[in-house]
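Just below is one structure, and these are the notes that go with it.
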Amino acid sequence: MAAIETQGLTRRFGARAAVDGVSLTAPTGAVYGFLGPNGAGKTTTLKMLLGLLRPTSGRAVIDGVDVAADRLAAARRVGALLEAHGFYGNLSGRENLELTRILLDLPRTEIDRVLEVVDMAGDARRRVSDYSLGMRQRLGLARAMLGAPPVLILDEPTNGLDPDGIADMRRFLKSLPERTGATVLLSSHLLGEIEQTATHVGVVHRGRLVLEGDLARLKADQAPEIALRVDDPVRAAEILRRHDLTVSDGAEGLVAGLRPGADHDRTTAELTRALVAAAIGVFAIGARAASLEGIYRRAAASDREEIV
Ligand SMILES: Nc1ncnc2c1ncn2[C@@H]1O[C@H](COP(=O)(O)OP(=O)(O)OP(=O)(O)O)[C@@H](O)[C@H]1O
């Protein structure tokens with residue numbers, strides 16, 4: 001059984017669909033990276049998973065429980081970290097957790113347990129107003145883990161953290177299934193973040209799920225690519241297209257997509273000859289390692305083609 005599953009999940013605001021027929025599956029034990037640019041529909045999807053927003057159509061199932069059919073039972077199976085923490089600054093971390101513990105009717109020992117998991121036992125008696133943002137984020141995670149729910153849903157958990165805090169949080173997120181046994185769904189608009197933490201990935205683009213799967217498998221299935229830096233990218237792109245390659249502009253230059261199974265070395269040699277023959281200066285050319293960025297670019301590009 002999947003820990004999180006949606007079928008045709010849709011939410012309209014007026015005429016516009018913020019989430020449009022999303023069917024996603026996060027297998028048990030996964031760290032599922034939910035990726036998409038700002039406004040793609042991530043937060044709206046998460047709110048529907050948590051029963052905070054009613055879908056226009058479709059359904060969401062958490063740990064086997066249909067969210068619409070039994071909102072409370074579903075809520076008991078999921079812990080969430082959303083953007084607004086809503087902590088009381090004048091209370092200590094422990095006291096803030098205590099409020100939620102009472103609400104959920106959990107044993108006292110739960111507080112020490114979750115504080116241990118997020119390495120916050122030493123700071124739990126300090127007032128939350130004296131916490132750094134990173135500490136508040138950890139406290140938010142601790143609260144999400146109260147009662148050891150089998151599913152954790154985290155909306156942009158590294159937002160607003162400094163680089164050290166981000167590195168810490170990423171390490172922590174990666175270790176979460178091991179520490180807690182929970183399936184984790186985390187949203188992000190940062191490719192690098194998902195690449196470093198997730199085992200599975202789902203990409204949303206304009207409200208639609210355009211790609212989903214096991215990250216290692218997606219990378220293995222990715223068609224080979226060649227990256228190049230040249231002195232005339234416009235003419236070089238024309239030549240690449242004439243060689244029947246797909247061309248995109250990456251952060252570090254042009255990226256040519258080969259057909260699956262095509263030979264990297266042979267194509268690189270062929271392209272180098274063609275570029276030099278056209279008097280284009282080649283600064284660098286070579287095979288590109290499979291990356292989430294490559295997978296993402298292709299998914300977004302093919303989605304655009306469908307829309308046009
Ligand atoms: N309550 C609402 N009323 C009207 N439109 C909304 C509402 N909530 C979200 N939207 C719209 O739905 C779309 C998706 O928003 P959503 O917040 O889900 O995106 P997101 O992927 O989480 O982006 P971000 O990372 O910026 O939060 C946006 O165009 C947004 O303006």
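Starting from 1 in every chain, residues are counted up; chains themselves are A, B, ... following the order of the structure tokens, and ligands are numbered from 1 as listed.
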
- Task: Using only C-alpha atoms and all ligand atoms, determine which residues fall within 9 Å of ligand 1, then list them as a VMD selection string.
- Result: chain A and resid 11 to 14 16 to 19 35 to 47 155 to 156 187 to 189 204 to 207

Selection to disk with N, CA and C atoms, as a CSV table (one decimal), in the first residue's frame:
chain,number,residue,atom,x,y,z
A,11,ARG,N,-8.3,21.1,-7.9
A,11,ARG,CA,-8.9,22.2,-7.1
A,11,ARG,C,-8.9,23.5,-8.0
A,12,ARG,N,-10.1,24.0,-8.2
A,12,ARG,CA,-10.3,25.2,-9.0
A,12,ARG,C,-10.5,26.4,-8.1
A,13,PHE,N,-9.9,27.5,-8.5
A,13,PHE,CA,-10.3,28.8,-7.9
A,13,PHE,C,-10.9,29.6,-9.0
A,14,GLY,N,-12.2,29.8,-8.9
A,14,GLY,CA,-12.9,30.4,-10.1
A,14,GLY,C,-12.7,29.5,-11.3
A,16,ARG,N,-10.0,29.0,-12.9
A,16,ARG,CA,-8.6,28.5,-13.0
A,16,ARG,C,-8.4,27.3,-12.1
A,17,ALA,N,-7.7,26.3,-12.7
A,17,ALA,CA,-7.4,25.1,-11.9
A,17,ALA,C,-6.0,25.2,-11.3
A,18,ALA,N,-5.9,25.4,-10.0
A,18,ALA,CA,-4.6,25.5,-9.3
A,18,ALA,C,-3.9,24.1,-9.3
A,19,VAL,N,-4.8,23.1,-9.1
A,19,VAL,CA,-4.3,21.7,-9.2
A,19,VAL,C,-5.2,21.0,-10.1
A,35,LEU,N,8.1,18.7,-6.4
A,35,LEU,CA,8.9,19.8,-7.0
A,35,LEU,C,8.1,20.6,-8.0
A,36,GLY,N,8.3,21.9,-8.0
A,36,GLY,CA,7.7,22.7,-9.0
A,36,GLY,C,7.9,24.2,-8.8
A,37,PRO,N,7.9,25.0,-9.8
A,37,PRO,CA,8.1,26.5,-9.6
A,37,PRO,C,7.0,27.1,-8.7
A,38,ASN,N,7.3,28.3,-8.3
A,38,ASN,CA,6.3,29.0,-7.5
A,38,ASN,C,5.0,29.1,-8.2
A,39,GLY,N,3.9,28.8,-7.5
A,39,GLY,CA,2.6,28.9,-8.2
A,39,GLY,C,2.2,27.7,-8.9
A,40,ALA,N,3.0,26.6,-8.9
A,40,ALA,CA,2.7,25.4,-9.7
A,40,ALA,C,1.5,24.6,-9.0
A,41,GLY,N,1.3,24.9,-7.8
A,41,GLY,CA,0.1,24.1,-7.1
A,41,GLY,C,0.6,23.2,-6.0
A,42,LYS,N,1.8,23.4,-5.5
A,42,LYS,CA,2.3,22.5,-4.5
A,42,LYS,C,1.5,22.7,-3.2
A,43,THR,N,1.5,23.9,-2.7
A,43,THR,CA,0.8,24.2,-1.4
A,43,THR,C,-0.7,23.8,-1.4
A,44,THR,N,-1.3,24.1,-2.5
A,44,THR,CA,-2.7,23.7,-2.7
A,44,THR,C,-2.9,22.2,-2.6
A,45,THR,N,-2.0,21.4,-3.2
A,45,THR,CA,-2.0,20.0,-3.1
A,45,THR,C,-1.8,19.5,-1.7
A,46,LEU,N,-0.8,20.1,-1.0
A,46,LEU,CA,-0.6,19.7,0.3
A,46,LEU,C,-1.8,19.9,1.3
A,47,LYS,N,-2.4,21.1,1.1
A,47,LYS,CA,-3.6,21.4,1.9
A,47,LYS,C,-4.7,20.4,1.7
A,155,ASP,N,6.1,21.5,4.0
A,155,ASP,CA,6.1,22.5,2.9
A,155,ASP,C,7.3,23.4,3.0
A,156,GLU,N,8.2,23.3,2.0
A,156,GLU,CA,9.4,24.1,1.8
A,156,GLU,C,10.2,24.1,3.2
A,187,SER,N,7.9,19.5,-0.1
A,187,SER,CA,7.8,20.3,-1.3
A,187,SER,C,8.9,21.3,-1.4
A,188,SER,N,9.3,21.6,-2.6
A,188,SER,CA,10.4,22.5,-2.8
A,188,SER,C,10.3,23.1,-4.2
A,189,HIS,N,10.9,24.3,-4.4
A,189,HIS,CA,11.0,24.8,-5.7
A,189,HIS,C,12.5,24.7,-6.1
A,204,VAL,N,5.5,19.0,-10.5
A,204,VAL,CA,4.2,19.7,-10.9
A,204,VAL,C,4.6,20.9,-11.7
A,205,HIS,N,3.8,21.1,-12.7
A,205,HIS,CA,4.0,22.2,-13.6
A,205,HIS,C,2.6,22.7,-14.0
A,206,ARG,N,2.3,24.0,-13.7
A,206,ARG,CA,0.9,24.5,-13.9
A,206,ARG,C,-0.2,23.6,-13.5
A,207,GLY,N,0.0,23.1,-12.3
A,207,GLY,CA,-1.1,22.3,-11.7
A,207,GLY,C,-1.2,20.9,-12.1

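Residues in contact range of Ser57 of chain A, defined as at most 10 Å between only C-alpha atoms, with sequence neighbours fewer than 2 positions away removed, read Gln7, Gly8, Leu9, Thr10, Arg11, Arg12, Asp20, Gly21, Arg54, Pro55, Arg59 and Ala60 of chain A.
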
- Message: So that I can check the surroundings of Arg113 of chain A, please list as an NGL selection string every protein, DNA and RNA residue that reaches within 12 Å of it, counting only C-alpha atoms and ignoring chain neighbours fewer than 2 positions away.
- Response: :A and (94 or 97 or 101 or 106-111 or 115-121 or 142-143 or 145-148 or 179-180)

Same residues, N, CA and C atoms, output as a PDB file, in the first residue's frame:
ATOM      1  N   ARG A  94       9.384  23.436  24.786  1.00  0.00           N
ATOM      2  CA  ARG A  94       8.691  22.328  25.433  1.00  0.00           C
ATOM      3  C   ARG A  94       7.216  22.660  25.694  1.00  0.00           C
ATOM      4  N   LEU A  97       5.180  22.483  22.576  1.00  0.00           N
ATOM      5  CA  LEU A  97       4.885  21.095  22.206  1.00  0.00           C
ATOM      6  C   LEU A  97       3.814  20.509  23.134  1.00  0.00           C
ATOM      7  N   ARG A 101       0.545  18.287  22.425  1.00  0.00           N
ATOM      8  CA  ARG A 101       0.467  16.955  23.038  1.00  0.00           C
ATOM      9  C   ARG A 101      -0.883  16.758  23.734  1.00  0.00           C
ATOM     10  N   LEU A 106      -1.708  12.662  23.948  1.00  0.00           N
ATOM     11  CA  LEU A 106      -0.576  11.730  23.859  1.00  0.00           C
ATOM     12  C   LEU A 106       0.141  11.667  25.211  1.00  0.00           C
ATOM     13  N   PRO A 107       0.884  10.591  25.457  1.00  0.00           N
ATOM     14  CA  PRO A 107       1.627  10.503  26.724  1.00  0.00           C
ATOM     15  C   PRO A 107       2.759  11.532  26.795  1.00  0.00           C
ATOM     16  N   ARG A 108       3.115  11.965  28.013  1.00  0.00           N
ATOM     17  CA  ARG A 108       4.160  12.970  28.247  1.00  0.00           C
ATOM     18  C   ARG A 108       5.488  12.593  27.591  1.00  0.00           C
ATOM     19  N   THR A 109       5.793  11.304  27.594  1.00  0.00           N
ATOM     20  CA  THR A 109       7.084  10.839  27.077  1.00  0.00           C
ATOM     21  C   THR A 109       7.276  11.208  25.601  1.00  0.00           C
ATOM     22  N   GLU A 110       6.164  11.483  24.920  1.00  0.00           N
ATOM     23  CA  GLU A 110       6.236  11.850  23.505  1.00  0.00           C
ATOM     24  C   GLU A 110       7.090  13.102  23.291  1.00  0.00           C
ATOM     25  N   ILE A 111       7.006  14.035  24.227  1.00  0.00           N
ATOM     26  CA  ILE A 111       7.737  15.295  24.062  1.00  0.00           C
ATOM     27  C   ILE A 111       9.239  15.055  24.075  1.00  0.00           C
ATOM     28  N   LEU A 115      11.806  15.644  20.855  1.00  0.00           N
ATOM     29  CA  LEU A 115      12.916  16.593  21.047  1.00  0.00           C
ATOM     30  C   LEU A 115      14.250  15.914  20.759  1.00  0.00           C
ATOM     31  N   GLU A 116      14.363  14.638  21.167  1.00  0.00           N
ATOM     32  CA  GLU A 116      15.572  13.867  20.866  1.00  0.00           C
ATOM     33  C   GLU A 116      15.750  13.739  19.360  1.00  0.00           C
ATOM     34  N   VAL A 117      14.654  13.405  18.673  1.00  0.00           N
ATOM     35  CA  VAL A 117      14.750  13.141  17.233  1.00  0.00           C
ATOM     36  C   VAL A 117      15.295  14.370  16.497  1.00  0.00           C
ATOM     37  N   VAL A 118      14.899  15.562  16.929  1.00  0.00           N
ATOM     38  CA  VAL A 118      15.370  16.762  16.214  1.00  0.00           C
ATOM     39  C   VAL A 118      16.575  17.416  16.909  1.00  0.00           C
ATOM     40  N   ASP A 119      17.170  16.705  17.845  1.00  0.00           N
ATOM     41  CA  ASP A 119      18.347  17.209  18.577  1.00  0.00           C
ATOM     42  C   ASP A 119      18.085  18.555  19.239  1.00  0.00           C
ATOM     43  N   MET A 120      16.950  18.686  19.884  1.00  0.00           N
ATOM     44  CA  MET A 120      16.615  19.962  20.524  1.00  0.00           C
ATOM     45  C   MET A 120      16.432  19.836  22.040  1.00  0.00           C
ATOM     46  N   ALA A 121      16.782  18.678  22.592  1.00  0.00           N
ATOM     47  CA  ALA A 121      16.522  18.467  24.024  1.00  0.00           C
ATOM     48  C   ALA A 121      17.188  19.560  24.866  1.00  0.00           C
ATOM     49  N   ALA A 142       9.509  18.736  15.131  1.00  0.00           N
ATOM     50  CA  ALA A 142       9.235  17.951  16.345  1.00  0.00           C
ATOM     51  C   ALA A 142       7.724  17.882  16.561  1.00  0.00           C
ATOM     52  N   ARG A 143       7.051  19.008  16.392  1.00  0.00           N
ATOM     53  CA  ARG A 143       5.600  19.029  16.600  1.00  0.00           C
ATOM     54  C   ARG A 143       4.903  18.120  15.587  1.00  0.00           C
ATOM     55  N   MET A 145       5.980  15.511  14.415  1.00  0.00           N
ATOM     56  CA  MET A 145       6.249  14.103  14.724  1.00  0.00           C
ATOM     57  C   MET A 145       5.552  13.601  15.980  1.00  0.00           C
ATOM     58  N   LEU A 146       4.897  14.489  16.706  1.00  0.00           N
ATOM     59  CA  LEU A 146       4.200  14.056  17.927  1.00  0.00           C
ATOM     60  C   LEU A 146       3.184  12.969  17.590  1.00  0.00           C
ATOM     61  N   GLY A 147       3.234  11.897  18.339  1.00  0.00           N
ATOM     62  CA  GLY A 147       2.309  10.792  18.084  1.00  0.00           C
ATOM     63  C   GLY A 147       2.807   9.848  17.017  1.00  0.00           C
ATOM     64  N   ALA A 148       4.037  10.100  16.517  1.00  0.00           N
ATOM     65  CA  ALA A 148       4.667   9.233  15.509  1.00  0.00           C
ATOM     66  C   ALA A 148       3.751   8.886  14.344  1.00  0.00           C
ATOM     67  N   ARG A 179      15.035   7.559  11.163  1.00  0.00           N
ATOM     68  CA  ARG A 179      14.816   7.985  12.546  1.00  0.00           C
ATOM     69  C   ARG A 179      13.392   7.750  13.019  1.00  0.00           C
ATOM     70  N   THR A 180      12.441   7.861  12.095  1.00  0.00           N
ATOM     71  CA  THR A 180      11.042   7.865  12.521  1.00  0.00           C
ATOM     72  C   THR A 180      10.208   6.752  11.895  1.00  0.00           C
TER      73      THR A 180
END

- Between A:Asp231, A:Asp263, A:Asp249, A:Asp162, which has the minimum distance to Ala284 of chain A (counting only C-alpha atoms)?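 For Ala284 of chain A, the nearest of the candidates is A:Asp231.
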
- Item | Gap from atom CA of Gly160 of chain A to atom CA of Thr6 of chain A - Å, one decimal | 29.2 Å

- At what distance in Å, to one decimal, does atom CA of Val184 of chain A lie from atom CA of Leu103 of chain A? 23.0 Å

- So which residues of segment 40-97 of chain A fall under helix (DSSP H, G or I) by DSSP, listed as an NGL selection string? :A and (42-49 or 71-76 or 93-97)

For the selection just defined, write its residues with N, CA and C atoms to a file, as a PDB file, in the first residue's frame.
ATOM      1  N   LYS A  42       1.790  23.384  -5.519  1.00  0.00           N
ATOM      2  CA  LYS A  42       2.298  22.486  -4.464  1.00  0.00           C
ATOM      3  C   LYS A  42       1.524  22.666  -3.157  1.00  0.00           C
ATOM      4  N   THR A  43       1.474  23.914  -2.684  1.00  0.00           N
ATOM      5  CA  THR A  43       0.820  24.159  -1.393  1.00  0.00           C
ATOM      6  C   THR A  43      -0.656  23.766  -1.443  1.00  0.00           C
ATOM      7  N   THR A  44      -1.314  24.071  -2.538  1.00  0.00           N
ATOM      8  CA  THR A  44      -2.728  23.708  -2.685  1.00  0.00           C
ATOM      9  C   THR A  44      -2.895  22.188  -2.587  1.00  0.00           C
ATOM     10  N   THR A  45      -1.991  21.435  -3.220  1.00  0.00           N
ATOM     11  CA  THR A  45      -2.045  19.971  -3.140  1.00  0.00           C
ATOM     12  C   THR A  45      -1.849  19.503  -1.700  1.00  0.00           C
ATOM     13  N   LEU A  46      -0.838  20.076  -1.035  1.00  0.00           N
ATOM     14  CA  LEU A  46      -0.558  19.655   0.345  1.00  0.00           C
ATOM     15  C   LEU A  46      -1.753  19.938   1.253  1.00  0.00           C
ATOM     16  N   LYS A  47      -2.386  21.079   1.054  1.00  0.00           N
ATOM     17  CA  LYS A  47      -3.552  21.412   1.889  1.00  0.00           C
ATOM     18  C   LYS A  47      -4.673  20.404   1.676  1.00  0.00           C
ATOM     19  N   MET A  48      -4.841  19.935   0.463  1.00  0.00           N
ATOM     20  CA  MET A  48      -5.876  18.916   0.207  1.00  0.00           C
ATOM     21  C   MET A  48      -5.498  17.584   0.850  1.00  0.00           C
ATOM     22  N   LEU A  49      -4.191  17.254   0.829  1.00  0.00           N
ATOM     23  CA  LEU A  49      -3.751  16.018   1.482  1.00  0.00           C
ATOM     24  C   LEU A  49      -4.016  16.071   2.980  1.00  0.00           C
ATOM     25  N   ARG A  71     -11.879  12.648   7.691  1.00  0.00           N
ATOM     26  CA  ARG A  71     -10.838  13.666   7.833  1.00  0.00           C
ATOM     27  C   ARG A  71     -10.030  13.484   9.125  1.00  0.00           C
ATOM     28  N   LEU A  72     -10.698  13.164  10.205  1.00  0.00           N
ATOM     29  CA  LEU A  72     -10.000  13.039  11.493  1.00  0.00           C
ATOM     30  C   LEU A  72      -9.062  11.839  11.518  1.00  0.00           C
ATOM     31  N   ALA A  73      -9.555  10.713  11.010  1.00  0.00           N
ATOM     32  CA  ALA A  73      -8.713   9.512  10.981  1.00  0.00           C
ATOM     33  C   ALA A  73      -7.493   9.770  10.099  1.00  0.00           C
ATOM     34  N   ALA A  74      -7.695  10.484   8.983  1.00  0.00           N
ATOM     35  CA  ALA A  74      -6.573  10.795   8.099  1.00  0.00           C
ATOM     36  C   ALA A  74      -5.614  11.746   8.812  1.00  0.00           C
ATOM     37  N   ALA A  75      -6.154  12.743   9.500  1.00  0.00           N
ATOM     38  CA  ALA A  75      -5.315  13.731  10.182  1.00  0.00           C
ATOM     39  C   ALA A  75      -4.445  13.064  11.253  1.00  0.00           C
ATOM     40  N   ARG A  76      -4.951  12.015  11.880  1.00  0.00           N
ATOM     41  CA  ARG A  76      -4.172  11.321  12.911  1.00  0.00           C
ATOM     42  C   ARG A  76      -2.989  10.577  12.318  1.00  0.00           C
ATOM     43  N   GLY A  93      10.041  26.025  24.054  1.00  0.00           N
ATOM     44  CA  GLY A  93       9.799  25.017  23.027  1.00  0.00           C
ATOM     45  C   GLY A  93       8.982  23.863  23.589  1.00  0.00           C
ATOM     46  N   ARG A  94       9.384  23.436  24.786  1.00  0.00           N
ATOM     47  CA  ARG A  94       8.691  22.328  25.433  1.00  0.00           C
ATOM     48  C   ARG A  94       7.216  22.660  25.694  1.00  0.00           C
ATOM     49  N   GLU A  95       6.981  23.876  26.182  1.00  0.00           N
ATOM     50  CA  GLU A  95       5.596  24.270  26.486  1.00  0.00           C
ATOM     51  C   GLU A  95       4.746  24.335  25.216  1.00  0.00           C
ATOM     52  N   ASN A  96       5.348  24.799  24.138  1.00  0.00           N
ATOM     53  CA  ASN A  96       4.616  24.824  22.873  1.00  0.00           C
ATOM     54  C   ASN A  96       4.231  23.405  22.447  1.00  0.00           C
ATOM     55  N   LEU A  97       5.180  22.483  22.576  1.00  0.00           N
ATOM     56  CA  LEU A  97       4.885  21.095  22.206  1.00  0.00           C
ATOM     57  C   LEU A  97       3.814  20.509  23.134  1.00  0.00           C
TER      58      LEU A  97
END

- May I have the residues within 10 Å of Glu5 of chain A as number ranges by chain, using only C-alpha atoms and disregarding those fewer than 6 positions away in the same chain? A: 22-27, 49, 59-66

File of the preceding selection, N, CA and C atoms, as a tab-separated table (two decimals), in the first residue's frame:
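Produced file again27.tsv, reproduced below:
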chain	number	residue	atom	x	y	z
A	22	VAL	N	-4.25	15.69	-10.52
A	22	VAL	CA	-2.98	15.13	-10.05
A	22	VAL	C	-3.21	13.74	-9.44
A	23	SER	N	-2.53	12.73	-10.01
A	23	SER	CA	-2.54	11.38	-9.45
A	23	SER	C	-1.12	11.04	-9.05
A	24	LEU	N	-0.84	11.15	-7.77
A	24	LEU	CA	0.53	10.88	-7.33
A	24	LEU	C	0.56	9.72	-6.36
A	25	THR	N	1.72	9.08	-6.27
A	25	THR	CA	1.89	7.93	-5.38
A	25	THR	C	3.23	8.04	-4.67
A	26	ALA	N	3.20	8.11	-3.35
A	26	ALA	CA	4.43	8.08	-2.57
A	26	ALA	C	4.49	6.75	-1.84
A	27	PRO	N	5.40	5.85	-2.24
A	27	PRO	CA	5.48	4.54	-1.60
A	27	PRO	C	5.92	4.66	-0.14
A	49	LEU	N	-4.19	17.25	0.83
A	49	LEU	CA	-3.75	16.02	1.48
A	49	LEU	C	-4.02	16.07	2.98
A	59	ARG	N	-9.61	12.43	-5.40
A	59	ARG	CA	-9.50	12.09	-3.98
A	59	ARG	C	-8.07	11.90	-3.53
A	60	ALA	N	-7.90	12.00	-2.21
A	60	ALA	CA	-6.59	11.83	-1.59
A	60	ALA	C	-6.70	10.76	-0.52
A	61	VAL	N	-5.71	9.86	-0.48
A	61	VAL	CA	-5.71	8.78	0.50
A	61	VAL	C	-4.37	8.81	1.25
A	62	ILE	N	-4.47	8.88	2.58
A	62	ILE	CA	-3.27	8.90	3.42
A	62	ILE	C	-3.24	7.62	4.23
A	63	ASP	N	-2.19	6.84	4.05
A	63	ASP	CA	-2.03	5.60	4.82
A	63	ASP	C	-3.32	4.77	4.79
A	64	GLY	N	-3.92	4.70	3.63
A	64	GLY	CA	-5.11	3.87	3.45
A	64	GLY	C	-6.42	4.54	3.80
A	65	VAL	N	-6.38	5.79	4.33
A	65	VAL	CA	-7.62	6.46	4.73
A	65	VAL	C	-7.97	7.57	3.75
A	66	ASP	N	-9.18	7.52	3.24
A	66	ASP	CA	-9.66	8.56	2.32
A	66	ASP	C	-9.89	9.86	3.11

- For Leu240 of chain A, which residue among A:Ala223, A:Leu271, A:Ile153, A:Val201 is the nearest when counting only C-alpha atoms?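 Of the candidates, the smallest distance to Leu240 of chain A is held by A:Leu271.
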
- Query: Out of segment 48-290 of chain A, which residues get strand (DSSP E or B) from DSSP, as a PyMOL selection string?
  - Reply: chain A and resi 57-62+65-66+78-81+92+127+151-155+183-188+200-205+208-214+225-230+246-250+253-257+282-288

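The nearest approach to Gln222 of chain A among the residues A:Tyr296, A:Tyr88, A:Phe172, A:Phe34, with only C-alpha atoms taken into account, belongs to A:Tyr296.
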